[in-house]
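Engineer: Here it is, the structure, as structure tokens.
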Amino acid sequence: MFAIFLTPAYAPFAIAFVVMIGIGLIEAIGLGLGHLDLHADVHAEADGGSVLDWLGLGHELPILIWLTSLLGCFTLAGIAIQQGATALAGAPLHWGLASGGALIAGSLLNTLAANGLARIMPGFETSVISTDDFLRRRGTILEGTARRGSPARAKIVDQHGQAHFIMVEPHDDTDTIAAGETALIVRRDGKLFYALPEANTLLRSI
């Protein structure tokens, strides 16, 4: 039975299924490592908001989750179309024709699926934060010693309890922050963050 999915008529849907599984594995690995920023968020703004809402992206659903859902819906719709065509006409449709129909049907189905996921899994909406939200939070240096010109890797826990890993340098030229020490993130320059160590006199009143 599974051999039919290796035929040209089912090839687009078999490929979509394999890609869907691959993305799922990447998601699982990312959750395990904790520091891979795989959840690019899509924000609905201005006139484009209604379009993104219709697609299911207006709730800041992580793009990879949305894509995985779309691939799954495309695969299911394609298989249903080919099975229906075989039952009615005795043979599946040409893969191009079936793919076009599956893309339309899968997109409509994915709209319902994505909006449903956004409603029942609110963590998708609340866990998306900006890197600017790391400012005024304390982080812990994990390895090495942070010096000016020599950043070290630090861990920050956001308001949702999720861990983020960033590169940190001391804000002041003369400061150093050793592994295991905590520091207050005070500014950002691109992907690099600057922090005041706990020993800094400016933090005594904070």
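By order of appearance in the structure tokens: chains A, B, ..., then residues from 1 within every chain, and ligands from 1 in the order shown.
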List as JSON, numbers by chain the protein and nucleic acid residues near segment 94-101 of chain A, meaning an atom at most 10 Å away when only C-alpha atoms are counted, but skip any in the same chain fewer than 4 places from it.

Structural biologist: {"A": [7, 8, 9, 10, 11, 12, 13, 74, 75, 77, 78, 79, 80, 81, 82, 85, 105, 106, 107]}

Engineer: Using only C-alpha atoms, which residues sit within 7 Å of segment 131-138 of chain A once same-chain residues fewer than 6 positions away are excluded, as a list of chain:residue names?

Structural biologist: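 The residues satisfying every condition are A:Ile156, A:Thr182, A:Ala183, A:Leu184, A:Ile185, A:Val186, A:Arg187.
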
Engineer: Find the residues near Ala178 of chain A: any atom within 9 Å, counting only C-alpha atoms, skip ones fewer than 3 places away on the same chain, and give them as a VMD selection string.

Structural biologist: chain A and resid 141 to 147 152 181 to 182

Engineer: Can you tell me which residues surround Asp175 of chain A at a distance of at most 10 Å, considering only C-alpha atoms, apart from same-chain residues fewer than 6 positions away, and format the answer as a list in words?

Structural biologist: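 These residues fall inside the cut-off: Ala146, Arg147, Arg148, Glu169, Ala195, Leu196, Pro197, Ala199 and Asn200 of chain A.
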
Engineer: For the selection you just gave me, I'd like the residues written to a file as a CSV table (one decimal), in the first residue's frame, keeping N, CA, C and O atoms.

Structural biologist:
chain,number,residue,atom,x,y,z
A,146,ALA,N,33.9,37.5,30.6
A,146,ALA,CA,33.6,38.6,29.7
A,146,ALA,C,34.4,39.8,30.0
A,146,ALA,O,34.5,40.3,31.1
A,147,ARG,N,35.1,40.3,29.0
A,147,ARG,CA,35.9,41.5,29.0
A,147,ARG,C,35.6,42.3,27.8
A,147,ARG,O,35.0,41.8,26.8
A,148,ARG,N,35.9,43.6,27.9
A,148,ARG,CA,35.7,44.5,26.7
A,148,ARG,C,36.5,43.9,25.6
A,148,ARG,O,37.7,43.7,25.7
A,169,GLU,N,29.4,41.5,27.0
A,169,GLU,CA,30.6,42.2,27.3
A,169,GLU,C,30.3,43.2,28.5
A,169,GLU,O,29.2,43.6,28.6
A,195,ALA,N,26.8,44.6,29.9
A,195,ALA,CA,26.2,44.4,31.2
A,195,ALA,C,27.1,45.0,32.3
A,195,ALA,O,28.3,45.2,32.2
A,196,LEU,N,26.4,45.3,33.5
A,196,LEU,CA,27.1,45.7,34.7
A,196,LEU,C,27.2,44.5,35.6
A,196,LEU,O,26.2,44.0,36.0
A,197,PRO,N,28.4,44.2,36.1
A,197,PRO,CA,28.5,43.0,37.0
A,197,PRO,C,27.9,43.4,38.4
A,197,PRO,O,27.7,44.6,38.7
A,199,ALA,N,29.1,43.4,41.2
A,199,ALA,CA,30.0,44.1,42.0
A,199,ALA,C,30.1,45.6,41.7
A,199,ALA,O,30.6,46.4,42.5
A,200,ASN,N,29.5,46.0,40.6
A,200,ASN,CA,29.6,47.4,40.2
A,200,ASN,C,28.8,48.2,41.1
A,200,ASN,O,27.7,47.9,41.5

Engineer: As an exercise, work out the distance from atom CA of Ala14 of chain A to atom CA of Asn110 of chain A in Å and give it to one decimal place.

Structural biologist: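 For atom CA of Ala14 of chain A relative to atom CA of Asn110 of chain A, the distance reads 17.9 Å.
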
Engineer: Tell me, in Å to one decimal, how far atom CA of Leu109 of chain A is from atom CA of Ile63 of chain A.

Structural biologist: 16.6 Å

Engineer: What gap, in Å, lies between atom CA of Asp158 of chain A and atom CA of Ile23 of chain A?

Structural biologist: 25.2 Å
